[in-house]
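Quick look at target-v5.txt (compact mmCIF, C-alpha atoms):
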```txt
# COMPACT_ATOMS: atom_id res chain seq x y z
CA MET A 1 23.32 -18.97 -13.26
CA ALA A 2 22.15 -15.69 -11.74
CA LYS A 3 24.99 -15.16 -9.28
CA ALA A 4 23.98 -13.43 -6.07
CA LYS A 5 25.79 -10.19 -5.25
CA TYR A 6 24.38 -9.90 -1.73
CA SER A 7 23.43 -12.09 1.22
CA LYS A 8 20.56 -14.53 1.46
CA GLU A 9 18.93 -12.26 4.06
CA GLN A 10 19.12 -9.23 1.79
CA TYR A 11 17.46 -11.03 -1.11
CA GLN A 12 14.77 -12.38 1.16
CA THR A 13 14.08 -8.87 2.46
CA TRP A 14 13.92 -7.42 -1.04
CA TYR A 15 11.57 -10.14 -2.22
CA GLU A 16 9.28 -9.85 0.79
CA GLN A 17 9.09 -6.05 0.48
CA MET A 18 8.40 -6.12 -3.25
CA LEU A 19 5.78 -8.85 -2.94
CA LEU A 20 3.97 -6.88 -0.24
CA MET A 21 4.01 -3.75 -2.43
CA ARG A 22 2.74 -5.69 -5.46
CA ARG A 23 -0.06 -7.54 -3.68
CA PHE A 24 -1.08 -4.42 -1.77
CA GLU A 25 -1.40 -2.44 -5.00
CA GLU A 26 -3.32 -5.23 -6.70
CA LYS A 27 -5.75 -5.28 -3.79
CA SER A 28 -6.03 -1.49 -3.94
CA ALA A 29 -7.02 -1.73 -7.60
CA GLN A 30 -9.70 -4.27 -6.72
CA LEU A 31 -11.06 -2.13 -3.87
CA TYR A 32 -11.06 0.94 -6.10
CA GLY A 33 -13.24 -0.93 -8.57
CA GLN A 34 -15.60 -1.73 -5.70
CA GLN A 35 -15.65 1.99 -4.78
CA LYS A 36 -14.20 1.26 -1.35
CA ILE A 37 -11.36 3.61 -2.29
CA LYS A 38 -12.32 6.90 -3.87
CA GLY A 39 -10.58 9.85 -5.47
CA PHE A 40 -7.30 9.50 -7.33
CA CYS A 41 -5.23 6.33 -7.01
CA HIS A 42 -1.82 5.77 -8.62
CA LEU A 43 -0.30 2.28 -8.45
CA TYR A 44 3.38 1.34 -8.23
CA ILE A 45 3.10 -2.06 -9.92
CA GLY A 46 6.34 -2.78 -11.82
CA GLN A 47 8.44 -0.15 -10.06
CA GLU A 48 8.97 -1.97 -6.75
CA ALA A 49 12.72 -2.49 -7.12
CA ILE A 50 13.38 1.24 -6.85
CA VAL A 51 11.94 1.59 -3.36
CA ALA A 52 13.32 -1.77 -2.19
CA GLY A 53 16.86 -0.90 -3.29
CA THR A 54 16.64 2.63 -1.93
CA VAL A 55 15.50 1.60 1.54
CA SER A 56 18.17 -1.11 1.86
CA ALA A 57 20.91 1.43 1.02
CA THR A 58 19.81 4.18 3.41
CA LYS A 59 19.73 4.60 7.16
CA LYS A 60 16.62 4.48 9.30
CA ASP A 61 16.72 8.21 10.08
CA ASP A 62 17.28 9.33 6.48
CA ARG A 63 14.44 11.36 4.98
CA HIS A 64 12.19 10.31 2.10
CA ILE A 65 9.84 12.44 0.03
CA THR A 66 8.03 11.56 -3.18
CA ALA A 67 5.10 12.29 -5.47
CA TYR A 68 1.57 10.91 -5.33
CA ARG A 69 2.51 7.34 -6.39
CA ASP A 70 3.43 6.77 -2.77
CA HIS A 71 1.80 3.66 -1.24
CA ALA A 72 4.87 1.47 -1.84
CA HIS A 73 7.23 4.04 -0.35
CA ALA A 74 5.25 4.09 2.88
CA LEU A 75 5.13 0.29 3.10
CA ALA A 76 8.86 -0.15 2.43
CA LEU A 77 9.73 2.44 5.08
CA GLY A 78 7.81 0.46 7.68
CA VAL A 79 4.39 2.11 7.75
CA SER A 80 1.98 -0.73 8.47
CA ALA A 81 -0.32 -2.07 5.77
CA ARG A 82 -3.18 -1.25 8.14
CA ALA A 83 -2.23 2.44 8.30
CA VAL A 84 -1.73 2.71 4.54
CA MET A 85 -4.96 0.91 3.66
CA ALA A 86 -6.96 2.90 6.22
CA GLU A 87 -5.65 6.08 4.63
CA LEU A 88 -6.85 4.87 1.24
CA TYR A 89 -10.25 4.30 2.84
CA GLY A 90 -10.16 7.80 4.33
CA LYS A 91 -10.43 6.45 7.86
CA ALA A 92 -9.18 8.16 11.03
CA THR A 93 -6.73 5.30 11.66
CA GLY A 94 -4.85 6.05 8.43
CA CYS A 95 -1.26 7.31 8.44
CA SER A 96 -2.55 10.82 7.59
CA LYS A 97 -5.61 10.42 9.84
CA GLY A 98 -7.85 9.89 6.83
CA LYS A 99 -7.33 13.42 5.53
CA GLY A 100 -4.65 12.77 2.94
CA GLY A 101 -5.86 9.79 0.97
CA SER A 102 -3.89 7.98 -1.69
CA MET A 103 -1.73 10.91 -2.75
CA HIS A 104 -0.73 12.30 0.65
CA MET A 105 0.75 9.55 2.79
CA PHE A 106 2.90 10.82 5.67
CA SER A 107 4.64 9.29 8.66
CA LYS A 108 6.77 11.36 10.99
CA GLU A 109 7.80 8.20 12.83
CA HIS A 110 9.27 6.72 9.64
CA ASN A 111 10.74 9.99 8.28
CA PHE A 112 8.36 9.87 5.34
CA PHE A 113 7.49 13.40 4.25
CA GLY A 114 4.90 12.49 1.59
CA GLY A 115 3.14 11.91 -0.83
CA HIS A 116 2.49 15.18 -2.77
CA GLY A 117 -0.32 15.83 -5.22
CA ILE A 118 1.29 18.86 -6.91
CA VAL A 119 3.45 17.67 -9.79
CA GLY A 120 7.06 18.40 -8.87
CA GLY A 121 6.04 20.13 -5.64
CA GLN A 122 8.22 17.78 -3.59
CA ILE A 123 11.43 18.71 -5.43
CA PRO A 124 12.14 22.05 -3.65
CA LEU A 125 10.71 20.59 -0.44
CA GLY A 126 13.26 17.76 -0.59
CA ALA A 127 16.08 20.28 -0.87
CA GLY A 128 14.59 22.22 2.03
CA ILE A 129 14.55 19.15 4.27
CA ALA A 130 18.18 18.46 3.36
CA PHE A 131 19.10 22.08 4.10
CA ALA A 132 17.49 21.86 7.54
CA ASP A 133 19.54 18.76 8.41
CA MET A 134 22.75 20.34 7.15
CA TYR A 135 21.99 23.56 9.05
CA ARG A 136 21.60 21.57 12.27
CA GLY A 137 24.82 19.70 11.62
CA GLU A 138 23.11 16.33 11.35
CA ASP A 139 24.08 13.31 9.26
CA GLN A 140 20.82 12.52 7.46
CA VAL A 141 20.41 12.30 3.71
CA THR A 142 17.16 13.20 1.95
CA ILE A 143 15.93 11.01 -0.90
CA CYS A 144 13.68 13.07 -3.19
CA SER A 145 11.79 11.06 -5.83
CA PHE A 146 9.79 12.36 -8.78
CA GLY A 147 8.64 11.19 -12.20
CA ASP A 148 10.02 11.93 -15.64
CA GLY A 149 7.08 14.28 -16.25
CA ALA A 150 7.76 16.29 -13.09
CA ALA A 151 11.31 16.88 -14.28
CA ARG A 152 9.84 19.47 -16.69
CA GLN A 153 8.90 21.77 -13.84
CA GLY A 154 10.90 24.99 -13.59
CA ALA A 155 11.29 24.53 -9.84
CA LEU A 156 13.61 21.60 -10.54
CA HIS A 157 16.23 23.89 -12.08
CA GLU A 158 16.03 26.42 -9.28
CA THR A 159 16.37 23.58 -6.78
CA PHE A 160 19.30 21.94 -8.56
CA ASN A 161 21.18 25.23 -8.69
CA MET A 162 20.66 25.86 -4.99
CA ALA A 163 21.41 22.26 -4.00
CA MET A 164 24.76 22.34 -5.78
CA LEU A 165 25.63 25.83 -4.60
CA TRP A 166 25.12 24.83 -0.97
CA LYS A 167 26.20 21.17 -1.39
CA LEU A 168 22.96 19.90 0.14
CA PRO A 169 22.81 16.23 1.26
CA VAL A 170 20.02 15.21 -1.11
CA ILE A 171 19.63 12.45 -3.68
CA PHE A 172 17.30 13.32 -6.55
CA ILE A 173 15.67 10.23 -8.08
CA VAL A 174 13.83 10.34 -11.39
CA GLU A 175 11.49 7.34 -11.25
CA ASN A 176 11.63 7.25 -15.03
CA ASN A 177 8.82 4.97 -16.22
CA GLY A 178 8.87 6.47 -19.70
CA TYR A 179 5.54 8.28 -19.56
CA ALA A 180 4.26 11.54 -18.12
CA MET A 181 0.66 10.43 -17.68
CA GLY A 182 0.00 9.31 -21.27
CA THR A 183 2.79 11.26 -22.97
CA SER A 184 5.96 9.33 -23.78
CA LEU A 185 9.36 10.68 -22.81
CA GLU A 186 10.32 11.13 -26.45
CA ARG A 187 7.37 13.50 -26.99
CA THR A 188 8.24 15.74 -24.05
CA THR A 189 11.96 16.34 -24.55
CA THR A 190 14.93 15.98 -26.87
CA VAL A 191 17.02 14.96 -23.84
CA THR A 192 15.93 11.36 -23.30
CA ASP A 193 18.94 10.62 -21.09
CA MET A 194 17.57 12.41 -18.07
CA SER A 195 20.82 12.12 -16.14
CA LYS A 196 22.10 14.91 -18.39
CA ILE A 197 19.78 17.39 -16.67
CA GLY A 198 22.12 17.51 -13.70
CA LEU A 199 25.31 17.96 -15.70
CA SER A 200 24.84 21.69 -16.39
CA TYR A 201 24.97 22.17 -12.60
CA GLU A 202 28.08 19.96 -12.30
CA MET A 203 25.90 17.53 -10.33
CA PRO A 204 27.05 13.89 -10.35
CA SER A 205 24.40 12.19 -12.50
CA PHE A 206 23.92 8.57 -13.51
CA VAL A 207 21.54 6.20 -15.31
CA VAL A 208 20.43 3.20 -13.22
CA ASN A 209 18.53 0.02 -14.13
CA GLY A 210 15.49 0.34 -11.90
CA MET A 211 14.27 -3.20 -12.57
CA LEU A 212 17.05 -4.63 -10.36
CA PRO A 213 17.15 -3.80 -6.63
CA GLU A 214 20.89 -4.58 -6.60
CA ASN A 215 21.64 -1.78 -9.07
CA VAL A 216 19.45 0.71 -7.23
CA HIS A 217 21.03 -0.26 -3.90
CA GLU A 218 24.56 0.34 -5.23
CA ALA A 219 23.71 3.68 -6.83
CA ILE A 220 22.01 4.96 -3.65
CA LEU A 221 24.92 3.78 -1.47
CA GLU A 222 27.39 5.78 -3.56
CA ALA A 223 25.19 8.87 -3.67
CA ALA A 224 24.51 8.75 0.08
CA ASP A 225 28.22 8.42 0.79
CA ARG A 226 28.94 11.56 -1.25
CA ALA A 227 26.18 13.43 0.54
CA ARG A 228 27.39 12.45 4.02
CA LYS A 229 30.93 13.55 3.12
CA GLY A 230 29.60 17.03 2.32
CA GLU A 231 30.06 16.61 -1.43
CA GLY A 232 26.47 17.53 -2.23
CA PRO A 233 23.61 16.08 -4.27
CA THR A 234 23.35 13.37 -6.91
CA LEU A 235 20.83 12.90 -9.71
CA LEU A 236 19.84 9.32 -10.57
CA ASP A 237 17.85 8.60 -13.71
CA ILE A 238 16.38 5.27 -12.58
CA ARG A 239 14.77 3.50 -15.52
CA THR A 240 11.65 1.54 -14.63
CA TYR A 241 8.19 0.73 -15.97
CA ARG A 242 4.65 0.77 -14.65
CA TYR A 243 2.46 -2.06 -15.85
CA ARG A 244 -0.80 -0.23 -15.19
CA GLY A 245 -2.02 3.17 -16.36
CA HIS A 246 -0.95 6.46 -14.85
CA SER A 247 -3.89 6.24 -12.47
CA MET A 248 -6.93 4.00 -12.04
CA SER A 249 -8.83 6.14 -14.55
CA ASP A 250 -6.20 5.61 -17.26
CA PRO A 251 -6.78 2.68 -19.68
CA ALA A 252 -3.19 3.10 -20.98
CA LYS A 253 -4.15 2.73 -24.64
CA TYR A 254 -1.12 4.78 -25.67
CA ARG A 255 1.13 1.70 -25.18
CA THR A 256 1.28 -1.51 -27.17
CA LYS A 257 0.72 -4.90 -25.56
CA GLU A 258 4.11 -5.92 -26.92
CA GLU A 259 5.84 -3.10 -25.06
CA VAL A 260 4.19 -3.99 -21.75
CA GLU A 261 4.93 -7.70 -22.16
CA ALA A 262 8.59 -6.98 -22.96
CA TYR A 263 8.98 -5.17 -19.65
CA LYS A 264 7.12 -7.88 -17.75
CA LYS A 265 9.86 -10.29 -18.82
CA GLN A 266 12.17 -8.10 -16.68
CA ASP A 267 9.78 -8.12 -13.72
CA PRO A 268 11.89 -7.31 -10.62
CA ILE A 269 10.01 -9.73 -8.38
CA GLU A 270 10.45 -12.65 -10.76
CA VAL A 271 14.11 -11.81 -11.40
CA VAL A 272 14.89 -11.75 -7.66
CA LYS A 273 12.98 -15.01 -7.20
CA GLU A 274 15.03 -16.65 -9.94
CA THR A 275 18.26 -15.44 -8.33
CA MET A 276 17.16 -16.80 -4.95
CA LEU A 277 16.19 -20.20 -6.35
CA LYS A 278 19.39 -20.63 -8.34
CA ASN A 279 21.52 -19.68 -5.33
CA LYS A 280 19.45 -21.89 -3.01
CA PHE A 281 18.45 -18.92 -0.84
CA ALA A 282 14.89 -20.27 -0.72
CA ASP A 283 12.75 -23.06 -2.11
CA GLU A 284 9.23 -23.06 -3.53
CA LYS A 285 7.80 -23.84 -0.10
CA TRP A 286 9.32 -20.62 1.27
CA PHE A 287 7.77 -18.60 -1.54
CA ASP A 288 4.37 -20.23 -1.07
CA GLU A 289 4.42 -19.58 2.66
CA LEU A 290 5.42 -15.97 2.10
CA GLU A 291 2.59 -15.53 -0.40
CA THR A 292 0.13 -16.77 2.22
CA LYS A 293 1.65 -14.50 4.87
CA VAL A 294 1.42 -11.43 2.61
CA GLU A 295 -2.18 -12.22 1.66
CA GLU A 296 -3.06 -12.43 5.36
CA ILE A 297 -1.39 -9.07 6.08
CA ILE A 298 -3.34 -7.41 3.28
CA GLN A 299 -6.66 -8.98 4.22
CA ASP A 300 -6.06 -7.89 7.81
CA SER A 301 -5.45 -4.33 6.57
CA VAL A 302 -8.76 -4.41 4.68
CA ASP A 303 -10.68 -5.75 7.69
CA PHE A 304 -9.03 -3.13 9.90
CA SER A 305 -9.98 -0.35 7.48
CA GLU A 306 -13.55 -1.54 7.07
CA ASN A 307 -14.02 -1.45 10.86
CA SER A 308 -12.16 1.81 11.51
CA PRO A 309 -14.00 5.05 12.29
CA TRP A 310 -14.33 8.00 9.95
CA PRO A 311 -12.60 11.26 10.93
CA THR A 312 -14.77 13.50 13.12
CA GLU A 313 -15.88 16.99 12.16
CA GLU A 314 -13.67 18.35 14.93
CA SER A 315 -10.60 16.78 13.30
CA LEU A 316 -10.96 19.26 10.43
CA TRP A 317 -9.42 21.86 12.72
CA GLU A 318 -6.56 19.66 13.92
CA ASP A 319 -3.01 19.59 12.52
CA ILE A 320 -3.37 22.99 10.86
CA TYR A 321 -1.17 25.12 13.08
CA ALA A 322 1.82 24.18 15.22
CA GLN A 323 2.41 25.80 18.59
CA HIS A 324 5.91 27.22 19.04
CA ASP A 325 7.40 29.26 21.86
CA TYR A 326 9.84 31.58 20.16
CA PRO A 327 11.97 33.50 22.72
CA PHE A 328 12.43 36.43 20.34
CA ILE A 329 8.70 37.02 19.91
CA LYS A 330 7.14 39.13 22.64
CA GLU A 331 3.43 39.47 23.32
```

Written as structure tokens, that's how I'd like the structure from this file.
Amino acid sequence: MAKAKYSKEQYQTWYEQMLLMRRFEEKSAQLYGQQKIKGFCHLYIGQEAIVAGTVSATKKDDRHITAYRDHAHALALGVSARAVMAELYGKATGCSKGKGGSMHMFSKEHNFFGGHGIVGGQIPLGAGIAFADMYRGEDQVTICSFGDGAARQGALHETFNMAMLWKLPVIFIVENNGYAMGTSLERTTTVTDMSKIGLSYEMPSFVVNGMLPENVHEAILEAADRARKGEGPTLLDIRTYRYRGHSMSDPAKYRTKEEVEAYKKQDPIEVVKETMLKNKFADEKWFDELETKVEEIIQDSVDFSENSPWPTEESLWEDIYAQHDYPFIKE
């Protein structure tokens, strides 16, 4: 029997969040094929347990920043499906006002700092956000996520050195799905245990099973506790798998069907469902009703996006500069 480690409510929340992420991404793929969504589009299908476990282990005012595979992060943090879908459509009602698209989701209200199209660009930014909170004497922790390919960027090493030197309250997450676009981890490095990258900086570093939200939750809790105590950053090599290609334009022919099917047997949504059923946290009726509810939420987001206005020409000049009144600057 799959013994439950957490409450019924926690498992229900994890399942509901992951199902919403999965169905939203599946719908996004369909809409992309219909050319309703244009540009680049990177799906999170298979990796849902990472975000679910991270959000459950952090506080509401903690900061989150990630790469361009960001739809699920926004949804899990509470950005509405309407706002995320409208952004994919490029509509003014999107969470980035239709000017960011798939790769640049933002929400100040939900402390979500993106969504970044530059590979690894969010790594130093994550440390910067953590520095700002520490400088102000606040208690927030920044969760900075990036892929195994982005870990090859030189900025990572500069950031790690600075983060450890100043004991910044930041958790670095490698969403390690085994492939940098179409290049396997083994072809990009001799260090396949990516947790070792942090060890040369004396950074606490661990490998985590990213197919189980329980494991992610526990690892994030421990790392966040260290950060809030002033003990500095943590690196988590969270092992996961994406079932689809790197982006919608990637047929993923570099992987065997056997490899993909082997990972699907560890599907986080199905594993959590099995745990819930065996522990009598829910019955099949509950799952069926939730499926219907999620489908309605997603269809509503599509209808909302279809009927939303496009950004105006005038909006091109908005949100470029911020007005500040600095007392030390004189006219």

Problem - Within 12 Å of Gly137 in chain A using all atoms listed in the file, minus same-chain residues under 6 positions, as a list in words - result: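 Those residues are Ala130, Phe131, Leu168, Pro169, Arg228 and Gly230 of chain A.
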
Output C-alpha atoms of each residue in that selection to a file, as a short mmCIF file (atom, residue, chain, number, x, y, z; two decimals), in the coordinates of the input.
```
data_model
loop_
_atom_site.label_atom_id
_atom_site.label_comp_id
_atom_site.auth_asym_id
_atom_site.auth_seq_id
_atom_site.Cartn_x
_atom_site.Cartn_y
_atom_site.Cartn_z
CA ALA A 130 18.18 18.46 3.36
CA PHE A 131 19.10 22.08 4.10
CA LEU A 168 22.96 19.90 0.14
CA PRO A 169 22.81 16.23 1.26
CA ARG A 228 27.39 12.45 4.02
CA GLY A 230 29.60 17.03 2.32
#
```

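Minimum distance to Ala127 in chain A across A:Thr234, A:Thr292, A:Met103, A:Thr54 (counting only C-alpha atoms) occurs at A:Thr234.
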
Exercise for the section: Between CA of Asp148 in chain A and CA of Phe112 in chain A, measure the distance and give it in Å to one decimal. Expected result: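 Calculated distance between CA of Asp148 in chain A and CA of Phe112 in chain A is 21.1 Å.
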
Exercise for the section: Pick out the closest residue to Asn161 in chain A from this set: A:Val260, A:Val141, A:Ala180, A:Met203. Count only C-alpha atoms. Expected result: A:Met203

Practice task
Counting all atoms listed in the file, figure out which residue out of A:Gly120, A:Pro268, A:Gly90, A:Pro309 gets nearest to Asn209 in chain A.
Solution key: A:Pro268
